[in-house]
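Colleague: This is my_file-v2.csv (CSV, C-alpha atoms and all ligand atoms).
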chain,number,residue,atom,x,y,z
A,1,THR,CA,0.0,0.0,0.0
A,2,VAL,CA,1.0,3.6,-0.6
A,3,PHE,CA,-0.3,6.1,1.9
A,4,ASN,CA,-0.3,9.4,0.1
A,5,ILE,CA,-0.8,12.2,2.5
A,6,GLY,CA,-1.5,15.2,0.3
A,7,SER,CA,-3.4,18.1,-1.2
A,8,ILE,CA,-6.6,17.9,-3.2
A,9,ASN,CA,-7.5,21.1,-5.1
A,10,ILE,CA,-10.4,22.2,-7.3
A,11,ASP,CA,-8.9,24.2,-10.2
A,12,HIS,CA,-11.2,26.8,-11.7
A,13,LEU,CA,-9.9,27.6,-15.1
A,14,TYR,CA,-11.0,30.9,-16.8
A,15,GLN,CA,-10.0,31.8,-20.4
A,16,VAL,CA,-9.4,35.5,-20.6
A,17,ASP,CA,-8.1,38.0,-23.1
A,18,HIS,CA,-5.8,39.6,-20.5
A,19,PHE,CA,-5.3,39.2,-16.7
A,20,VAL,CA,-8.0,41.2,-14.9
A,21,ARG,CA,-6.7,44.7,-14.0
A,22,PRO,CA,-7.2,46.6,-10.8
A,23,GLY,CA,-10.8,47.8,-10.5
A,24,GLU,CA,-11.8,45.9,-13.7
A,25,THR,CA,-14.7,43.4,-13.9
A,26,MET,CA,-14.2,41.1,-16.8
A,27,SER,CA,-16.2,38.3,-18.4
A,28,SER,CA,-14.5,35.1,-19.2
A,29,SER,CA,-15.3,33.3,-22.4
A,30,SER,CA,-14.9,29.8,-21.0
A,31,TYR,CA,-14.9,28.1,-17.6
A,32,GLN,CA,-13.7,24.6,-16.6
A,33,GLN,CA,-13.4,22.9,-13.3
A,34,VAL,CA,-10.7,20.3,-12.9
A,35,LEU,CA,-9.3,18.1,-10.2
A,36,GLY,CA,-5.8,19.3,-9.1
A,37,GLY,CA,-3.3,19.5,-6.3
A,38,LYS,CA,-0.1,17.6,-6.4
A,39,GLY,CA,-1.4,15.2,-3.8
A,40,ALA,CA,-4.5,14.2,-5.8
A,41,ASN,CA,-2.6,14.0,-9.0
A,42,GLN,CA,-0.1,11.7,-7.5
A,43,SER,CA,-2.8,9.5,-6.0
A,44,VAL,CA,-4.4,9.3,-9.5
A,45,ALA,CA,-1.1,8.3,-11.0
A,46,LEU,CA,-0.6,5.7,-8.3
A,47,ALA,CA,-4.1,4.3,-8.9
A,48,LYS,CA,-3.6,4.3,-12.7
A,49,ALA,CA,-0.3,2.5,-12.1
A,50,LYS,CA,-2.3,-0.2,-10.2
A,51,ALA,CA,-0.9,0.6,-6.8
A,52,ASP,CA,-3.1,0.0,-3.7
A,53,VAL,CA,-3.4,3.7,-2.8
A,54,GLN,CA,-4.9,5.3,0.3
A,55,HIS,CA,-5.3,9.1,0.1
A,56,ILE,CA,-5.1,10.9,3.4
A,57,GLY,CA,-6.4,14.5,3.0
A,58,ALA,CA,-9.3,16.8,3.6
A,59,LEU,CA,-12.2,18.3,1.6
A,60,ASN,CA,-15.3,20.4,2.2
A,61,ARG,CA,-18.1,18.0,2.8
A,62,SER,CA,-20.2,19.4,-0.1
A,63,ASP,CA,-17.6,18.4,-2.6
A,64,GLN,CA,-18.7,14.8,-2.9
A,65,HIS,CA,-18.1,14.8,-6.7
A,66,ILE,CA,-14.4,15.1,-6.0
A,67,LEU,CA,-14.4,12.1,-3.8
A,68,ALA,CA,-16.4,10.2,-6.5
A,69,GLN,CA,-13.9,11.2,-9.1
A,70,LEU,CA,-10.9,10.0,-7.1
A,71,GLN,CA,-12.8,6.7,-6.4
A,72,GLU,CA,-13.5,6.3,-10.1
A,73,TYR,CA,-9.7,6.4,-10.7
A,74,GLY,CA,-9.3,3.7,-8.1
A,75,VAL,CA,-8.1,5.8,-5.1
A,76,ASN,CA,-9.2,4.7,-1.7
A,77,THR,CA,-10.8,7.8,-0.1
A,78,ASP,CA,-11.9,6.4,3.3
A,79,GLN,CA,-9.3,8.5,5.0
A,80,ILE,CA,-10.2,11.8,3.4
A,81,ALA,CA,-11.8,14.0,6.1
A,82,GLN,CA,-14.9,15.9,5.2
A,83,LEU,CA,-14.9,19.3,6.9
A,84,ASP,CA,-16.8,22.6,7.0
A,85,GLU,CA,-13.7,24.4,5.7
A,86,ALA,CA,-13.6,25.3,2.0
A,87,SER,CA,-11.8,22.7,-0.1
A,88,GLY,CA,-8.4,23.8,-1.4
A,89,HIS,CA,-8.9,25.6,-4.7
A,90,ALA,CA,-7.2,27.7,-7.4
A,91,ILE,CA,-8.6,30.5,-9.5
A,92,ILE,CA,-6.7,30.3,-12.7
A,93,GLN,CA,-6.7,32.9,-15.5
A,94,LEU,CA,-5.4,31.6,-18.8
A,95,THR,CA,-4.5,34.1,-21.6
A,96,PRO,CA,-4.4,33.3,-25.4
A,97,SER,CA,-0.6,33.3,-25.2
A,98,ALA,CA,-0.8,30.5,-22.6
A,99,GLU,CA,0.3,32.6,-19.6
A,100,ASN,CA,-1.5,31.9,-16.4
A,101,SER,CA,-2.2,33.8,-13.2
A,102,ILE,CA,-3.2,31.9,-10.1
A,103,ILE,CA,-4.9,32.6,-6.8
A,104,LEU,CA,-4.5,29.6,-4.5
A,105,TYR,CA,-6.5,28.9,-1.4
A,106,PRO,CA,-5.2,25.9,0.6
A,107,GLY,CA,-8.4,25.7,2.7
A,108,SER,CA,-9.0,22.2,4.0
A,109,ASN,CA,-5.6,21.0,2.8
A,110,HIS,CA,-4.2,22.9,5.8
A,111,ARG,CA,-6.7,21.3,8.2
A,112,LEU,CA,-5.2,17.8,8.5
A,113,THR,CA,-5.0,16.7,12.1
A,114,GLU,CA,-2.4,14.7,14.1
A,115,GLN,CA,-5.1,12.1,15.0
A,116,GLN,CA,-6.1,11.6,11.3
A,117,ILE,CA,-2.5,11.1,10.2
A,118,LYS,CA,-1.5,8.9,13.1
A,119,SER,CA,-4.5,6.7,12.7
A,120,ALA,CA,-3.6,6.2,9.0
A,121,LEU,CA,0.0,5.4,9.9
A,122,ASN,CA,-1.3,2.8,12.4
A,123,ASN,CA,-2.4,0.7,9.5
A,124,ALA,CA,0.9,0.8,7.7
A,125,THR,CA,3.5,-1.9,7.7
A,126,LYS,CA,7.2,-1.9,6.9
A,127,ASP,CA,6.5,-2.9,3.3
A,128,ASP,CA,4.3,0.1,2.7
A,129,TRP,CA,5.3,3.5,1.5
A,130,VAL,CA,4.2,6.9,2.9
A,131,LEU,CA,4.3,9.7,0.3
A,132,LEU,CA,4.1,13.4,1.0
A,133,GLN,CA,4.3,16.7,-0.9
A,134,ASN,CA,4.5,20.1,0.6
A,135,GLU,CA,1.0,21.3,0.0
A,136,THR,CA,-0.5,20.2,3.3
A,137,ASN,CA,0.0,21.1,7.0
A,138,LEU,CA,2.0,19.1,9.5
A,139,VAL,CA,4.5,18.0,6.8
A,140,ALA,CA,7.6,17.9,9.0
A,141,GLU,CA,5.7,16.2,11.9
A,142,THR,CA,4.2,13.6,9.5
A,143,LEU,CA,7.5,12.7,8.1
A,144,GLU,CA,8.9,12.1,11.5
A,145,TRP,CA,5.8,10.0,12.6
A,146,ALA,CA,6.1,8.0,9.5
A,147,GLN,CA,9.7,7.2,10.1
A,148,GLN,CA,8.9,6.2,13.7
A,149,ALA,CA,6.2,3.9,12.4
A,150,GLY,CA,8.9,2.1,10.5
A,151,VAL,CA,7.3,2.7,7.1
A,152,LYS,CA,9.3,3.7,4.0
A,153,VAL,CA,9.1,7.4,3.4
A,154,ALA,CA,9.1,9.3,0.1
A,155,PHE,CA,9.0,13.1,0.0
A,156,ASN,CA,8.4,15.3,-2.9
A,157,PRO,CA,9.1,18.8,-1.4
A,158,ALA,CA,7.0,20.8,-3.8
A,159,PRO,CA,6.6,23.7,-3.6
A,160,MET,CA,10.1,23.7,-2.3
A,161,ASP,CA,10.8,25.0,1.2
A,162,ALA,CA,14.6,24.5,1.5
A,163,GLU,CA,14.8,25.2,5.2
A,164,LEU,CA,12.0,22.7,6.0
A,165,THR,CA,13.4,20.1,3.6
A,166,ARG,CA,16.9,20.2,5.1
A,167,ARG,CA,15.3,19.7,8.6
A,168,VAL,CA,13.4,16.6,7.6
A,169,LEU,CA,16.0,14.7,5.4
A,170,SER,CA,16.9,12.3,8.2
A,171,PHE,CA,13.3,11.0,8.2
A,172,ILE,CA,13.2,10.3,4.5
A,173,ASP,CA,14.2,7.2,2.5
A,174,LEU,CA,13.6,8.7,-0.9
A,175,LEU,CA,13.6,12.4,-2.0
A,176,ILE,CA,12.1,13.2,-5.4
A,177,VAL,CA,12.8,16.7,-6.7
A,178,ASN,CA,12.8,18.4,-10.1
A,179,GLU,CA,15.8,20.4,-11.2
A,180,VAL,CA,14.5,23.7,-9.9
A,181,GLU,CA,13.7,22.2,-6.5
A,182,ALA,CA,17.1,20.5,-6.5
A,183,MET,CA,18.9,23.9,-7.2
A,184,ASP,CA,16.9,25.6,-4.4
A,185,LEU,CA,17.7,22.8,-1.9
A,186,ALA,CA,21.4,22.8,-2.8
A,187,GLY,CA,21.4,26.7,-2.8
A,188,VAL,CA,23.0,26.8,-6.3
A,189,ASP,CA,22.1,28.2,-9.7
A,190,THR,CA,22.9,25.4,-12.1
A,191,ILE,CA,21.7,21.8,-12.4
A,192,GLU,CA,25.3,20.6,-12.7
A,193,GLU,CA,26.2,22.1,-9.3
A,194,ALA,CA,23.1,20.6,-7.8
A,195,ALA,CA,23.9,17.2,-9.1
A,196,GLN,CA,27.4,17.5,-7.6
A,197,ILE,CA,26.5,19.1,-4.3
A,198,LEU,CA,23.4,17.2,-3.2
A,199,PRO,CA,25.1,13.7,-3.1
A,200,GLU,CA,28.1,15.3,-1.3
A,201,GLN,CA,26.0,17.0,1.3
A,202,TYR,CA,23.5,14.2,1.8
A,203,PRO,CA,25.4,11.0,1.3
A,204,ASP,CA,22.8,8.9,3.2
A,205,LEU,CA,19.9,10.0,1.2
A,206,ALA,CA,18.5,8.4,-2.0
A,207,VAL,CA,17.6,11.3,-4.4
A,208,MET,CA,15.8,11.2,-7.7
A,209,MET,CA,16.2,14.4,-9.6
A,210,THR,CA,13.9,14.6,-12.6
A,211,LEU,CA,15.4,16.5,-15.5
A,212,GLY,CA,12.5,17.2,-17.8
A,213,LYS,CA,13.2,15.9,-21.3
A,214,GLU,CA,16.7,14.7,-20.1
A,215,GLY,CA,15.1,12.1,-17.9
A,216,VAL,CA,16.1,11.5,-14.3
A,217,ARG,CA,19.2,11.2,-12.3
A,218,TYR,CA,19.4,9.0,-9.2
A,219,PHE,CA,22.1,9.1,-6.6
A,220,SER,CA,22.7,7.5,-3.2
A,221,LYS,CA,25.7,6.4,-1.3
A,222,ALA,CA,26.1,3.3,-3.5
A,223,GLU,CA,24.9,4.5,-6.9
A,224,ASP,CA,24.8,7.3,-9.3
A,225,LEU,CA,22.8,6.6,-12.5
A,226,GLN,CA,20.8,8.4,-15.1
A,227,VAL,CA,17.8,7.1,-16.9
A,228,LYS,CA,17.1,8.8,-20.1
A,229,ALA,CA,13.7,10.2,-21.0
A,230,PHE,CA,11.8,8.8,-23.9
A,231,VAL,CA,11.8,11.0,-27.0
A,232,VAL,CA,8.3,12.2,-27.6
A,233,GLU,CA,6.6,15.3,-28.9
A,234,ALA,CA,5.6,17.2,-25.8
A,235,LYS,CA,2.3,19.1,-25.9
A,236,ASP,CA,1.7,19.9,-22.2
A,237,THR,CA,4.1,19.1,-19.4
A,238,THR,CA,1.5,19.6,-16.6
A,239,ALA,CA,1.6,16.7,-14.1
A,240,ALA,CA,4.7,15.2,-15.7
A,241,GLY,CA,6.4,15.2,-12.3
A,242,ASP,CA,3.2,13.8,-10.6
A,243,THR,CA,2.9,11.1,-13.1
A,244,PHE,CA,6.6,10.2,-12.6
A,245,ILE,CA,6.2,10.0,-8.9
A,246,GLY,CA,3.0,8.0,-8.9
A,247,PHE,CA,4.4,5.3,-11.3
A,248,CYS,CA,7.8,5.2,-9.6
A,249,LEU,CA,6.3,4.6,-6.2
A,250,ALA,CA,3.8,2.1,-7.5
A,251,GLU,CA,6.7,0.1,-8.9
A,252,LEU,CA,8.7,0.4,-5.8
A,253,ALA,CA,5.7,-0.7,-3.7
A,254,ARG,CA,5.6,-3.8,-5.9
A,255,GLY,CA,9.2,-4.5,-5.1
A,256,ALA,CA,10.8,-3.2,-8.3
A,257,SER,CA,14.4,-1.9,-8.2
A,258,TYR,CA,14.9,1.8,-8.4
A,259,GLU,CA,16.2,1.5,-11.9
A,260,VAL,CA,13.2,-0.4,-13.2
A,261,ALA,CA,10.9,1.9,-11.3
A,262,MET,CA,12.5,5.0,-12.9
A,263,ARG,CA,12.3,3.5,-16.4
A,264,THR,CA,8.6,2.8,-16.0
A,265,ALA,CA,8.0,6.2,-14.5
A,266,CYS,CA,9.9,7.9,-17.4
A,267,ALA,CA,7.7,6.0,-19.9
A,268,ALA,CA,4.5,7.0,-18.0
A,269,SER,CA,5.5,10.7,-17.9
A,270,ALA,CA,6.6,10.7,-21.5
A,271,ILE,CA,3.1,9.6,-22.5
A,272,ALA,CA,1.6,12.2,-20.1
A,273,VAL,CA,3.4,15.1,-21.8
A,274,THR,CA,2.0,14.2,-25.2
A,275,ARG,CA,-1.5,14.8,-23.8
A,276,VAL,CA,-3.1,18.0,-22.5
A,277,GLY,CA,-4.3,18.3,-18.9
A,278,ALA,CA,-3.4,17.0,-15.5
A,279,ALA,CA,-5.1,13.9,-14.1
A,280,PRO,CA,-6.7,12.9,-17.5
A,281,SER,CA,-3.3,13.0,-19.2
A,282,ILE,CA,-1.9,10.3,-16.9
A,283,PRO,CA,-1.7,7.0,-18.8
A,284,THR,CA,-2.8,3.6,-17.4
A,285,LEU,CA,-0.3,0.9,-16.6
A,286,ASP,CA,-1.4,-1.1,-19.6
A,287,GLU,CA,-0.6,1.9,-21.9
A,288,VAL,CA,2.8,2.2,-20.3
A,289,THR,CA,3.5,-1.5,-20.6
A,290,GLU,CA,2.6,-1.3,-24.3
A,291,PHE,CA,4.7,1.8,-24.8
A,292,LEU,CA,7.7,0.1,-23.2
A,293,ALA,CA,7.2,-3.0,-25.5
A,294,ASN,CA,7.5,-0.9,-28.6
A,301,LIG,P1,8.2,18.5,-13.1
A,301,LIG,O1,6.9,18.4,-13.9
A,301,LIG,O2,8.0,18.2,-11.6
A,301,LIG,O3,9.0,19.8,-13.3
A,301,LIG,P2,10.0,17.2,-14.9
A,301,LIG,O4,9.8,18.3,-15.9
A,301,LIG,O5,11.4,17.0,-14.5
A,301,LIG,O6,9.1,17.3,-13.6
A,301,LIG,O7,9.4,15.9,-15.6
A,301,LIG,C1,9.3,14.7,-14.8
A,301,LIG,C2,9.6,13.5,-15.8
A,301,LIG,O8,8.7,13.6,-16.9
A,301,LIG,C3,11.0,13.5,-16.4
A,301,LIG,O9,11.9,12.9,-15.5
A,301,LIG,C4,10.8,12.8,-17.7
A,301,LIG,O10,10.9,11.4,-17.5
A,301,LIG,C5,9.4,13.2,-18.1
A,301,LIG,N1,9.4,14.3,-19.0
A,301,LIG,C6,9.2,15.6,-18.8
A,301,LIG,N2,9.3,16.3,-19.9
A,301,LIG,C7,9.5,15.5,-20.9
A,301,LIG,C8,9.6,15.6,-22.3
A,301,LIG,N3,9.6,16.8,-22.9
A,301,LIG,N4,9.8,14.4,-23.1
A,301,LIG,C9,9.9,13.2,-22.5
A,301,LIG,N5,9.7,13.0,-21.1
A,301,LIG,C10,9.5,14.1,-20.4
Would you mind giving the structure from this file in structure tokens?
Ligand code: ADP

Modeller:
Amino acid sequence: TVFNIGSINIDHLYQVDHFVRPGETMSSSSYQQVLGGKGANQSVALAKAKADVQHIGALNRSDQHILAQLQEYGVNTDQIAQLDEASGHAIIQLTPSAENSIILYPGSNHRLTEQQIKSALNNATKDDWVLLQNETNLVAETLEWAQQAGVKVAFNPAPMDAELTRRVLSFIDLLIVNEVEAMDLAGVDTIEEAAQILPEQYPDLAVMMTLGKEGVRYFSKAEDLQVKAFVVEAKDTTAAGDTFIGFCLAELARGASYEVAMRTACAASAIAVTRVGAAPSIPTLDEVTEFLAN
């Protein structure tokens, strides 16, 4: 089982000619509501990768359609708290030149409780993984509780908080970062420096650094290897990282090696970038298996 303790957002997308200006009231020509949040996207990727995935999070109790959507993907939602607080959501303006402007309200994503998290961790065994991102509350505490529970712990510190991340590294088995997050964490300006400094500074940690169309680099005390990305025509890289993480952890939870897990995850995210959107762009395990066979 993968216990994913993470955010669930409702993204409200508005197509606009230009970003709304001070004092302006502007009509939007199109409106779409989509499931978002790194936590939810990673749970969807895990479910599509056929992992047994329990999502631990919180929503407003009126948003039953979001629970239903997650369940349709195959995510176990029994441990998603239903609260009076507004669900996490984002108001997103999209311009014709594909620029966006976002107001994010974390809402119920910041209302997780110690009791909720600990009771989820109570059901975890040493073969299970706990996965966290940085869009919920109690992140540092949860990582520590997870380590104490003897579960394997993966952390995707997005959005990056370098100070928090450095503080929790000793609780983590696997850190998954993209190149921007890696540079932030290492306190440097280039990917090359990050790839050099991180393994030096954190020799006990296993790190996966995703490199966009270059693939992913993995380093730990024992290993330093790069898995190349698959060559595809990218249309929309939204949720590439979330797809990578979901498929990677699903493979690791099934007992795959890090190398095999990264290859499957690269294939899954390569397919995802050829499709537009977040959760709907994530492929199924069957699609990934077929892609890898060709
Ligand atoms: P994030 O979305 O978090 O910034 P990346 O951009 O590093 O993450 O992408 C995560 C993974 O998605 C990469 O490791 C790679 O396997 C895959 N990927 C991303 N962009 C492309 C691309 N243009 N072509 C093929 N694979 C890609």

Colleague: Please produce, as CSV, a per-residue contact table for chain A versus ligand LIG 301 (chain A) (criterion: any atom at most 9 Å away, all atoms listed in the file considered), showing the nearest atom pair and its distance in Å to one decimal, sorted by chain then residue number.

Modeller:
residue,atom,partner,partner_atom,distance
A:Ala158,CA,A:LIG301,O2,8.3
A:Ile176,CA,A:LIG301,O2,9.0
A:Val177,CA,A:LIG301,O2,7.0
A:Asn178,CA,A:LIG301,O5,4.8
A:Glu179,CA,A:LIG301,O5,6.5
A:Val180,CA,A:LIG301,O3,7.6
A:Glu181,CA,A:LIG301,O3,8.6
A:Met208,CA,A:LIG301,O9,8.9
A:Met209,CA,A:LIG301,O5,7.3
A:Thr210,CA,A:LIG301,O9,3.9
A:Leu211,CA,A:LIG301,O5,4.2
A:Gly212,CA,A:LIG301,O4,3.5
A:Lys213,CA,A:LIG301,C7,3.7
A:Glu214,CA,A:LIG301,C4,6.6
A:Gly215,CA,A:LIG301,O9,4.1
A:Val216,CA,A:LIG301,O9,4.6
A:Arg217,CA,A:LIG301,O9,8.1
A:Val227,CA,A:LIG301,O10,8.2
A:Lys228,CA,A:LIG301,O10,7.2
A:Ala229,CA,A:LIG301,O10,4.6
A:Phe230,CA,A:LIG301,C9,5.0
A:Val231,CA,A:LIG301,C9,5.4
A:Val232,CA,A:LIG301,N4,5.2
A:Glu233,CA,A:LIG301,N4,6.7
A:Ala234,CA,A:LIG301,N3,5.0
A:Lys235,CA,A:LIG301,N3,8.2
A:Asp236,CA,A:LIG301,N3,8.5
A:Thr237,CA,A:LIG301,N2,5.9
A:Thr238,CA,A:LIG301,O1,6.2
A:Ala239,CA,A:LIG301,O1,5.6
A:Ala240,CA,A:LIG301,O1,4.3
A:Gly241,CA,A:LIG301,O2,3.5
A:Asp242,CA,A:LIG301,O2,6.6
A:Thr243,CA,A:LIG301,O8,7.4
A:Phe244,CA,A:LIG301,C2,5.5
A:Ile245,CA,A:LIG301,C1,8.2
A:Met262,CA,A:LIG301,O10,8.0
A:Arg263,CA,A:LIG301,O10,8.1
A:Ala265,CA,A:LIG301,O10,6.7
A:Cys266,CA,A:LIG301,O10,3.6
A:Ala267,CA,A:LIG301,O10,6.7
A:Ala268,CA,A:LIG301,O10,7.8
A:Ser269,CA,A:LIG301,O8,4.4
A:Ala270,CA,A:LIG301,N5,3.9
A:Ile271,CA,A:LIG301,N5,7.6
A:Ala272,CA,A:LIG301,O8,7.9
A:Val273,CA,A:LIG301,C7,6.2
A:Thr274,CA,A:LIG301,N4,8.1

Colleague: Using all atoms listed in the file for the distances, tell me which of A:Asp173, A:Glu259, A:Glu290, A:Asp127 is nearest to Phe3 (chain A).

Modeller: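 Looking only at the distances to Phe3 (chain A), the closest residue turns out to be A:Asp127.
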
Colleague: Do a neighbour search on Leu198 (chain A) at 10 Å with only C-alpha atoms, toss out local chain neighbours closer than 5 positions, and write the hits as an NGL selection string.

Modeller: :A and (182-183 or 185-187 or 193 or 203 or 205 or 207 or 219-220)

Colleague: For each of A:Leu132, A:Leu249, A:Ile117, A:Ala86, take the minimum atom-to-atom distance to Ser7 (chain A), counting only C-alpha atoms, then give the residue where this is smallest.

Modeller: A:Leu132

Colleague: Have a look at A:Ala250, A:Val139, A:Val130, A:Met26 and name the one nearest to Leu285 (chain A); count only C-alpha atoms.

Modeller: A:Ala250

Colleague: I'd like the contact shell of Asn134 (chain A) - 9 Å cut-off, all atoms listed in the file, skipping same-chain residues fewer than 3 positions apart - returned as an NGL selection string.

Modeller: :A and (6-7 or 38-39 or 137 or 139 or 155-161)

Colleague: Nearest to Glu72 (chain A): which of A:Ala206, A:Leu175, A:Val44, A:Leu252 is it, counting only C-alpha atoms?

Modeller: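 Of the candidates, the smallest distance to Glu72 (chain A) is held by A:Val44.
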
Colleague: Set the distance at 8 Å and use all atoms listed in the file: which residues neighbour Tyr105 (chain A) once local chain neighbours fewer than 3 positions away are removed? I'd like the list as a PyMOL selection string.

Modeller: chain A and resi 88-90

Colleague: In terms of the shortest atom-to-atom distance over all atoms listed in the file, which of A:Leu13, A:Leu59, A:Val260, A:Ala278 is closest to Pro106 (chain A)?

Modeller: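 Smallest separation from Pro106 (chain A) among the options: A:Leu59.
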
Colleague: CA of Ile10 (chain A) and CA of Arg275 (chain A), how far apart in Å?

Modeller: 20.2 Å

Colleague: Grab the CA of Glu192 (chain A) to CA of Ile172 (chain A) distance for me, in Å with one decimal place.

Modeller: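 These two atoms are separated by 23.4 Å.
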
Colleague: Just give me the gap between CA of Ser281 (chain A) and CA of Leu46 (chain A) in Å, one decimal is fine.

Modeller: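 Spanning CA of Ser281 (chain A) to CA of Leu46 (chain A) is a straight-line distance of 13.4 Å.
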